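In what follows, a structure is listed as structure tokens, so that the remarks can point back to it.
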2 protein chains.
Amino acid sequence: MTSGRTGAVRITDVAALAGVSPGTASKALNDTGQLRRETRERVRRAAEQLGFTPDGRGRALSSGRSYTVGLITTDSSGRFSIPIMLGAEDALSAGEMALLLCDTRDDPVREQHYVRTLLARRVDGIIVTGRRTEPRSPIKVPVPVVYAFSGSTDPADASVVVDDRGGATTAVGHLLDIGRTAIAHVTGPQRHRSAVERAAAAADTAGAAFRGPVLYGEWSERWGRGAVDLLLRAHPDLDAVSCGSDQIARGVCERLRELGRRIPDDVAVTGYDNWDVMALACRPPLTTVDMELEELGRRAARMLLDAVARHPHHGTLEMPARLVIRASTLPD
Amino acid sequence: MTSGRTGAVRITDVAALAGVSPGTASKALNDTGQLRRETRERVRRAAEQLGFTPDGRGRALSSGRSYTVGLITTDSSGRFSIPIMLGAEDALSAGEMALLLCDTRDDPVREQHYVRTLLARRVDGIIVTGRRTEPRSPIKVPVPVVYAFSGSTDPADASVVVDDRGGATTAVGHLLDIGRTAIAHVTGPQRHRSAVERAAAAADTAGAAFRGPVLYGEWSERWGRGAVDLLLRAHPDLDAVSCGSDQIARGVCERLRELGRRIPDDVAVTGYDNWDVMALACRPPLTTVDMELEELGRRAARMLLDAVARHPHHGTLEMPARLVIRASTLPD
DNA sequence: GAAAATTAGGAATTCGTTTTCCGAACGGAC
DNA sequence: GTCCGTTCGGAAAACGAATTCCTAATTTTC
């Protein structure tokens with residue numbers, strides 16, 4: 001029925017069926033040029049009838065746009081990159097764009113390689129994302145770039161990052177709201193920017209209720225368990241722990257339980273990340289901060305789409321975090 | 001220095017520098033046609049000097065190959081799809097191919113849409129992966145397809161799946177090896193094929209040592225904790241629990257600990273998935289079955305590359321699982 | 001030393017669209 | 001009835017590489 005061995009129908013076939021030239025068919029389908037409404041419709045019907053979908057290769061070549069963007073991630077196995085990827089993919093597919101996945105495994109050589117292959121494929125733009133919130137050095141390419149999660153060190157670049165201070169502020173604010181007066185903060189390594197930011201905001205927000213110092217350690221349940229012993233020794237009046245991650249928070253809860261402290265009656269606990277497998281499996285389920293990474297990815301993708309459409313954004317956008325309240329801070 | 005506004009260097013530029021025609025340059029760079037060695041080298045040097053990378057669009061159009069494959073996943077947020085994706089991406093990038101990511105969110109309409117856009121982009125092949133081990137209905141497309149994790153219901157299609165029976169057999173075999181004589185199995189919902197398969201293999205392998213019936217429930221820590229109470233009541237002599245997932249196993253361990261049973265001295269426990277955040281955070285760390293999903297993804301990608309190169313595979317390949325031994329079964 | 005076979009490389013075509021020009025037809029104004 | 005301005009749509013030129021002929025030039029063969 002259709003022409004060609006693969007059954008692929010070309011715009012020529014559509015044009016022939018509609019009784020117009022290929023160029024006219026193209027204009028009709030793309031809403032360009034000057035055509036009678038009747039002609040446009042006729043071509044559209046013909047295209048529909050034949051099940052025509054323009055060949056991306058030819059389209060890319062002649063239009064100068066590939067309708068493709070690259071996603072460079074330094075670590076797609078990380079649980080942060082994944083929601084970002086999905087959000088980006090979602091927003092892009094809504095914009096008729098496709099996403100080329102590149103996992104550099106944190107290797108600069110691989111990154112360089114990927115940048116080249118993406119450019120060779122003439123992607124319309126690139127999203128760069130990393131595993132940590134530390135800003136990273138920008139890539140130098142002649143197409144629009146948006147940095148997600150890990151912002152660019154160049155403030156003129158377009159970046160979308162999380163608001164760590166805001167997130168921690170909200171969490172501790174909630175602890176104050178429910179009447180807590182002796183709040184500690186347990187978090188990851190001090191060399192991690194997100195740990196430091198969240199800690200600073202937590203301490204600031206708690207004010208007089210803060211029971212320092214901030215306990216820096218690792219992002220693990222184990223550390224959460226260990227920190228509890230230190231805390232209870234130093235602050236017998238402790239009635240709340242704000243944690244830098246859900247893993248830590250879960251460890252904290254476990255140890256508190258072991259010691260017979262009731263959560264949240266005796267001690268309220270908040271996490272960070274809203275990582276379901278931690279936050280929901282925790283006993284009790286965790287009140288925690290959701291960074292809305294999928295939305296962050298969507299936002300980055302939309303910014304990239306804007307840039308591709310010649311309306312580039314500049315500077316760093318901080319996405320607000322959202323507090324998810326669960327039993328670990330609810331009196332009932 | 002180079003031509004064009006974007007600094008893009010075309011094969012024409014290379015040809016001019018080498019003093020040959022564009023066609024000849026193409027042959028030199030692709031190792032086709034009949035050329036003197038000296039000519040080839042000259043062209044190569046010119047290409048290198050100009051930093052030439054062939055434009056993917058032109059290449060795709062004229063060669064008939066896009067050097068791109070699509071990855072359709074029904075659920076990329078799932079922790080199973082991700083390693084598969086990464087493995088596939090790894091193998092493909094080694095083959096100079098790029099990966100277009102499509103997340104259908106388990107929606108047939110979206111899937112259909114993605115299939116069409118992938119075909120419109122003239123991908124060289126498609127990898128289809130799902131969130132569960134149930135075989136799925138194949139997609140009908142005129143390009144090679146490999147099904148990963150969720151095999152195709154059509155046995156003539158190429159599928160790469162996990163060996164659930166083998167994995168469970170290995171785990172229970174290990175329990176027998178360390179001298180356990182009363183082994184139970186706790187797993188997920190009976191409507192999940194992987195739960196049933198693993199359970200059947202576990203019971204078969206344990207033989208006289210099996211303490212039935214298989215406990216079907218949900219894939220959660222909570223269920224693991226609950227199952228322990230049922231088990232200890234029914235089988236006071238219990239000395240090993242084989243679990244259908246690491247989450248369940250972790251719940252089992254937790255409850256056993258609470259009840260004062262020593263692991264593995266009193267009761268040994270095995271998990272399934274080797275999900276680090278569960279298996280390593282568990283007290284004690286879990287002996288568990290690793291499905292080697294990244295390798296599965298790599299394998300699927302390589303099979304697809306073969307098919308693209310006109311050497312298609314057929315039938316279903318079961319990837320062997322690997323037992324990872326940790327403290328939950330080690331006497332010491 | 002002429003005919004045949006081989007080798008090296010160029011010219012032109014192809015892939016499928018978009019896009020840029022143009023020319024034809026049409027309508028209205030005088 | 002001519003002239004001018006629109007409106008519509010066709011012809012052809014990109015886009016960038018790969019590939020298919022094809023023709024010289026060289027080598028081999030008898």
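Quick note on naming: the chains in the structure tokens go A, B, ... in the order shown, residues restart at 1 in each chain, and ligands are numbered from 1 in order of appearance.
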May I have the residues within 12 Å of stretch 16-24 of chain C as a ChimeraX atom specification, using only C-alpha atoms (C1' of nucleotides) and disregarding those fewer than 4 positions away in the same chain? /A:8-13,22-30,32-33,53-65 /B:57-58,60-62,64,120-122 /D:7-15
Fewer than 5 positions away in the same chain doesn't count, so skip those; otherwise give me all residues within 7 Å of stretch 201-211 of chain A, counting only C-alpha atoms (C1' of nucleotides), as a PyMOL selection string. chain A and resi 165+168-169+172-173+181-184
Write out as a count of residues only which residues come within 6 Å of stretch 91-103 of chain A when counting only C-alpha atoms (C1' of nucleotides), dropping same-chain ones fewer than 3 positions away. 13
All residues 12 Å or closer to C:DA4, only C-alpha atoms (C1' of nucleotides), same chain fewer than 6 positions away omitted, as an MDAnalysis selection string: chainID D and resid 27:30
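Proximity of B:Gln34, B:His174, B:Leu232, B:Ser21 to C:DA8, computed with only C-alpha atoms (C1' of nucleotides), is greatest for B:Gln34.
Pairwise distance (atom CA of B:Gly212, atom CA of B:Ala234) equals 9.2 Å.
Distances from B:Ala300, B:Met278, B:Ile126, B:Leu215 to chain A were compared using only C-alpha atoms, and the smallest one belongs to B:Met278.
You can rank C:DT6, C:DG1, C:DC15, C:DA25 by their closest distance to chain B using only C-alpha atoms (C1' of nucleotides), and at the top of that list sits C:DC15.
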Just to confirm, what's the straight-line distance from atom CA of A:Arg222 to atom CA of A:Ser245 in Å (one decimal)? 12.3 Å
Contact residues (chain D, partner chain B, 6 Å, only C-alpha atoms (C1' of nucleotides)) as an NGL selection string: :D and (16-18)
Could you please take those selected residues and save N, CA and C atoms (P, O5', C5', C4', C3', O3' and C1' of nucleotides) as a PDB file, in the first residue's frame?
```pdb
ATOM      1  P    DG D  16      25.747  21.865   6.547  1.00  0.00           P
ATOM      2  O5'  DG D  16      26.227  20.345   6.474  1.00  0.00           O
ATOM      3  C5'  DG D  16      25.877  19.464   7.511  1.00  0.00           C
ATOM      4  C4'  DG D  16      26.224  18.062   7.091  1.00  0.00           C
ATOM      5  C3'  DG D  16      27.656  17.901   6.580  1.00  0.00           C
ATOM      6  O3'  DG D  16      28.233  16.834   7.282  1.00  0.00           O
ATOM      7  C1'  DG D  16      26.117  16.932   5.062  1.00  0.00           C
ATOM      8  P    DA D  17      29.771  16.574   7.210  1.00  0.00           P
ATOM      9  O5'  DA D  17      29.755  15.178   6.445  1.00  0.00           O
ATOM     10  C5'  DA D  17      29.481  14.034   7.219  1.00  0.00           C
ATOM     11  C4'  DA D  17      28.641  13.065   6.434  1.00  0.00           C
ATOM     12  C3'  DA D  17      29.465  12.000   5.723  1.00  0.00           C
ATOM     13  O3'  DA D  17      29.324  10.794   6.446  1.00  0.00           O
ATOM     14  C1'  DA D  17      27.615  12.804   4.401  1.00  0.00           C
ATOM     15  P    DA D  18      30.263   9.588   6.134  1.00  0.00           P
ATOM     16  O5'  DA D  18      29.401   8.799   5.044  1.00  0.00           O
ATOM     17  C5'  DA D  18      28.174   8.244   5.445  1.00  0.00           C
ATOM     18  C4'  DA D  18      27.500   7.585   4.259  1.00  0.00           C
ATOM     19  C3'  DA D  18      28.298   6.460   3.610  1.00  0.00           C
ATOM     20  O3'  DA D  18      27.368   5.467   3.247  1.00  0.00           O
ATOM     21  C1'  DA D  18      27.783   8.090   1.984  1.00  0.00           C
TER      22       DA D  18
END
```
